[in-house]
Amino acid sequence: MFLSRLVATAKQFSTSAVTSFPKLKTHSGTKKRWRALSNGKFKRAHAAHAHLNVTKRPGRKNALCQTAYSSGAQTPTLKKLMPYA
């Protein structure tokens with residue numbers, strides 16, 4: 001009886017079902033660094049490309065400019081850290 005009253009009260013105030021809580025939190029550092037792709041993988045930018053570039057060789061700077069993608073071992077962890085991506 002209490003549960004049916006709780007469900008009825010929840011439907012009055014919200015369009016979501018009661019069983020959908022608790023919400024999962026997205027990891028803040030992960031959402032700042034990674035972007036989700038449509039194929040289920042993630043992409044990020046390389047670090048160390050913005051400054052102190054005089055001492056770096058051109059090939060290294062070109063490699064740091066490229067987009068990095070998540071590996072097979074990283075992808076499940078990133079999906080846990082970013083559940084809504």
# chains A, B, ... in the order shown; residues from 1 in each chain; ligands from 1
>>> residues_around(residues="A:Thr26", least_positions_apart="2", cutoff="8 Å", atoms="only C-alpha atoms", output="list in words")
Leu24, Ser28, Thr30, Lys31, Leu81, Met82, Pro83 and Tyr84 of chain A
>>> write_last_selection(atoms="N, CA, C and O atoms", output="mmCIF file, in the first residue's frame")
data_model
loop_
_atom_site.group_PDB
_atom_site.id
_atom_site.type_symbol
_atom_site.label_atom_id
_atom_site.label_comp_id
_atom_site.auth_asym_id
_atom_site.auth_seq_id
_atom_site.Cartn_x
_atom_site.Cartn_y
_atom_site.Cartn_z
ATOM 1 N N LEU A 24 23.213 8.167 -11.883
ATOM 2 C CA LEU A 24 24.649 7.921 -11.895
ATOM 3 C C LEU A 24 25.370 9.225 -12.190
ATOM 4 O O LEU A 24 24.950 9.990 -13.054
ATOM 5 N N SER A 28 33.896 14.070 -13.426
ATOM 6 C CA SER A 28 34.130 15.422 -13.921
ATOM 7 C C SER A 28 35.380 15.518 -14.781
ATOM 8 O O SER A 28 35.378 16.173 -15.822
ATOM 9 N N THR A 30 36.777 13.166 -16.490
ATOM 10 C CA THR A 30 36.599 12.424 -17.727
ATOM 11 C C THR A 30 35.782 13.220 -18.725
ATOM 12 O O THR A 30 36.107 13.246 -19.914
ATOM 13 N N LYS A 31 34.739 13.883 -18.295
ATOM 14 C CA LYS A 31 33.897 14.618 -19.245
ATOM 15 C C LYS A 31 34.611 15.849 -19.798
ATOM 16 O O LYS A 31 34.249 16.344 -20.853
ATOM 17 N N LEU A 81 32.662 5.544 -16.325
ATOM 18 C CA LEU A 81 32.879 6.905 -15.839
ATOM 19 C C LEU A 81 31.921 7.896 -16.485
ATOM 20 O O LEU A 81 31.618 8.936 -15.898
ATOM 21 N N MET A 82 31.483 7.611 -17.709
ATOM 22 C CA MET A 82 30.553 8.483 -18.427
ATOM 23 C C MET A 82 29.321 7.682 -18.830
ATOM 24 O O MET A 82 29.164 7.290 -19.983
ATOM 25 N N PRO A 83 28.414 7.414 -17.894
ATOM 26 C CA PRO A 83 27.290 6.515 -18.191
ATOM 27 C C PRO A 83 26.281 7.078 -19.180
ATOM 28 O O PRO A 83 25.542 6.319 -19.799
ATOM 29 N N TYR A 84 26.211 8.385 -19.360
ATOM 30 C CA TYR A 84 25.208 8.977 -20.248
ATOM 31 C C TYR A 84 25.814 9.464 -21.544
ATOM 32 O O TYR A 84 25.172 10.203 -22.283
#
>>> residues_around(residues="A:Arg33", least_positions_apart="6", cutoff="9 Å", atoms="only C-alpha atoms", output="ChimeraX atom specification")
/A:43-45
>>> write_last_selection(atoms="all heavy atoms", output="short mmCIF file (atom, residue, chain, number, x, y, z; two decimals), in the first residue's frame")
data_model
loop_
_atom_site.label_atom_id
_atom_site.label_comp_id
_atom_site.auth_asym_id
_atom_site.auth_seq_id
_atom_site.Cartn_x
_atom_site.Cartn_y
_atom_site.Cartn_z
N LYS A 43 37.25 9.76 -27.85
CA LYS A 43 38.42 10.43 -28.39
C LYS A 43 38.86 11.54 -27.43
O LYS A 43 38.08 12.05 -26.63
CB LYS A 43 38.14 11.00 -29.77
CG LYS A 43 37.19 12.20 -29.79
CD LYS A 43 37.07 12.75 -31.18
CE LYS A 43 36.20 13.99 -31.19
NZ LYS A 43 36.16 14.62 -32.52
N ARG A 44 40.14 11.89 -27.53
CA ARG A 44 40.70 12.94 -26.70
C ARG A 44 41.84 13.60 -27.46
O ARG A 44 42.31 13.09 -28.48
CB ARG A 44 41.24 12.38 -25.39
CG ARG A 44 42.42 11.45 -25.55
CD ARG A 44 43.07 11.09 -24.23
NE ARG A 44 44.09 10.07 -24.41
CZ ARG A 44 45.35 10.32 -24.75
NH1 ARG A 44 45.74 11.57 -24.95
NH2 ARG A 44 46.22 9.34 -24.90
N ALA A 45 42.31 14.72 -26.96
CA ALA A 45 43.46 15.41 -27.53
C ALA A 45 44.71 15.03 -26.75
O ALA A 45 44.63 14.68 -25.57
CB ALA A 45 43.24 16.91 -27.48
#
>>> atom_distance(atom1="atom CA of A:Arg57", atom2="atom CA of A:Gln74")
28.8 Å
>>> select_by_dssp(residues="stretch 29-67 of chain A", states="alpha helix (DSSP H)", output="list in words")
Gly29, Thr30, Lys31, Lys32, Arg33, Pro58, Gly59, Arg60, Lys61, Asn62, Ala63, Leu64 and Cys65 of chain A
>>> residues_around(residues="A:Asn62", least_positions_apart="4", cutoff="12 Å", atoms="only C-alpha atoms", output="VMD selection string")
chain A and resid 46 48 to 49 53 56 to 58 66 to 67
>>> write_last_selection(atoms="all heavy atoms", output="CSV table (one decimal), in the first residue's frame")
chain,number,residue,atom,x,y,z
A,46,HIS,N,45.8,15.1,-27.4
A,46,HIS,CA,47.1,14.8,-26.8
A,46,HIS,C,47.5,16.0,-25.9
A,46,HIS,O,47.2,17.2,-26.2
A,46,HIS,CB,48.2,14.6,-27.8
A,46,HIS,CG,48.2,13.2,-28.3
A,46,HIS,ND1,48.7,12.1,-27.6
A,46,HIS,CD2,47.8,12.7,-29.5
A,46,HIS,CE1,48.5,11.0,-28.4
A,46,HIS,NE2,48.0,11.4,-29.5
A,48,ALA,N,50.6,18.3,-24.0
A,48,ALA,CA,52.0,18.8,-24.3
A,48,ALA,C,52.1,19.4,-25.7
A,48,ALA,O,53.2,19.3,-26.3
A,48,ALA,CB,53.0,17.8,-24.0
A,49,HIS,N,51.1,19.9,-26.2
A,49,HIS,CA,51.1,20.5,-27.6
A,49,HIS,C,51.0,22.0,-27.6
A,49,HIS,O,51.2,22.6,-28.6
A,49,HIS,CB,50.1,19.8,-28.5
A,49,HIS,CG,50.1,20.3,-29.9
A,49,HIS,ND1,51.2,20.0,-30.7
A,49,HIS,CD2,49.2,21.0,-30.7
A,49,HIS,CE1,51.0,20.5,-31.9
A,49,HIS,NE2,49.8,21.1,-31.9
A,53,ASN,N,57.2,24.5,-27.4
A,53,ASN,CA,57.3,23.7,-28.7
A,53,ASN,C,58.7,23.9,-29.4
A,53,ASN,O,58.9,23.3,-30.4
A,53,ASN,CB,56.2,24.1,-29.6
A,53,ASN,CG,54.9,23.6,-29.1
A,53,ASN,OD1,54.8,22.5,-28.6
A,53,ASN,ND2,53.8,24.3,-29.3
A,56,LYS,N,60.8,20.8,-29.3
A,56,LYS,CA,60.2,19.5,-29.8
A,56,LYS,C,60.5,19.5,-31.3
A,56,LYS,O,60.4,20.4,-32.0
A,56,LYS,CB,58.7,19.5,-29.5
A,56,LYS,CG,58.4,19.4,-28.0
A,56,LYS,CD,57.0,19.6,-27.7
A,56,LYS,CE,56.7,19.7,-26.2
A,56,LYS,NZ,55.4,20.2,-25.9
A,57,ARG,N,60.7,18.2,-31.8
A,57,ARG,CA,61.0,18.0,-33.2
A,57,ARG,C,59.6,18.1,-33.9
A,57,ARG,O,58.6,17.9,-33.4
A,57,ARG,CB,61.6,16.6,-33.4
A,57,ARG,CG,62.9,16.4,-32.7
A,57,ARG,CD,64.0,17.4,-33.0
A,57,ARG,NE,64.2,17.5,-34.4
A,57,ARG,CZ,64.7,18.6,-35.0
A,57,ARG,NH1,65.1,19.6,-34.2
A,57,ARG,NH2,64.9,18.7,-36.2
A,58,PRO,N,59.7,18.5,-35.2
A,58,PRO,CA,58.4,18.6,-36.0
A,58,PRO,C,57.6,17.3,-36.0
A,58,PRO,O,56.4,17.4,-36.0
A,58,PRO,CB,58.9,19.0,-37.4
A,58,PRO,CG,60.2,19.6,-37.2
A,58,PRO,CD,60.8,18.9,-36.0
A,66,GLN,N,47.6,15.1,-33.5
A,66,GLN,CA,46.6,14.1,-33.9
A,66,GLN,C,45.6,13.7,-32.7
A,66,GLN,O,46.0,13.8,-31.6
A,66,GLN,CB,47.3,12.8,-34.4
A,66,GLN,CG,48.2,13.0,-35.5
A,66,GLN,CD,47.5,13.5,-36.8
A,66,GLN,OE1,46.4,13.1,-37.1
A,66,GLN,NE2,48.2,14.5,-37.5
A,67,THR,N,44.5,13.3,-33.1
A,67,THR,CA,43.5,12.9,-32.1
A,67,THR,C,43.8,11.5,-31.6
A,67,THR,O,44.2,10.6,-32.4
A,67,THR,CB,42.1,12.8,-32.8
A,67,THR,OG1,41.8,14.1,-33.3
A,67,THR,CG2,41.0,12.5,-31.7
>>> residues_around(residues="A:Ser71", least_positions_apart="5", cutoff="10 Å", atoms="only C-alpha atoms", output="list in words")
Lys41, Phe42, Lys43 and Pro76 of chain A
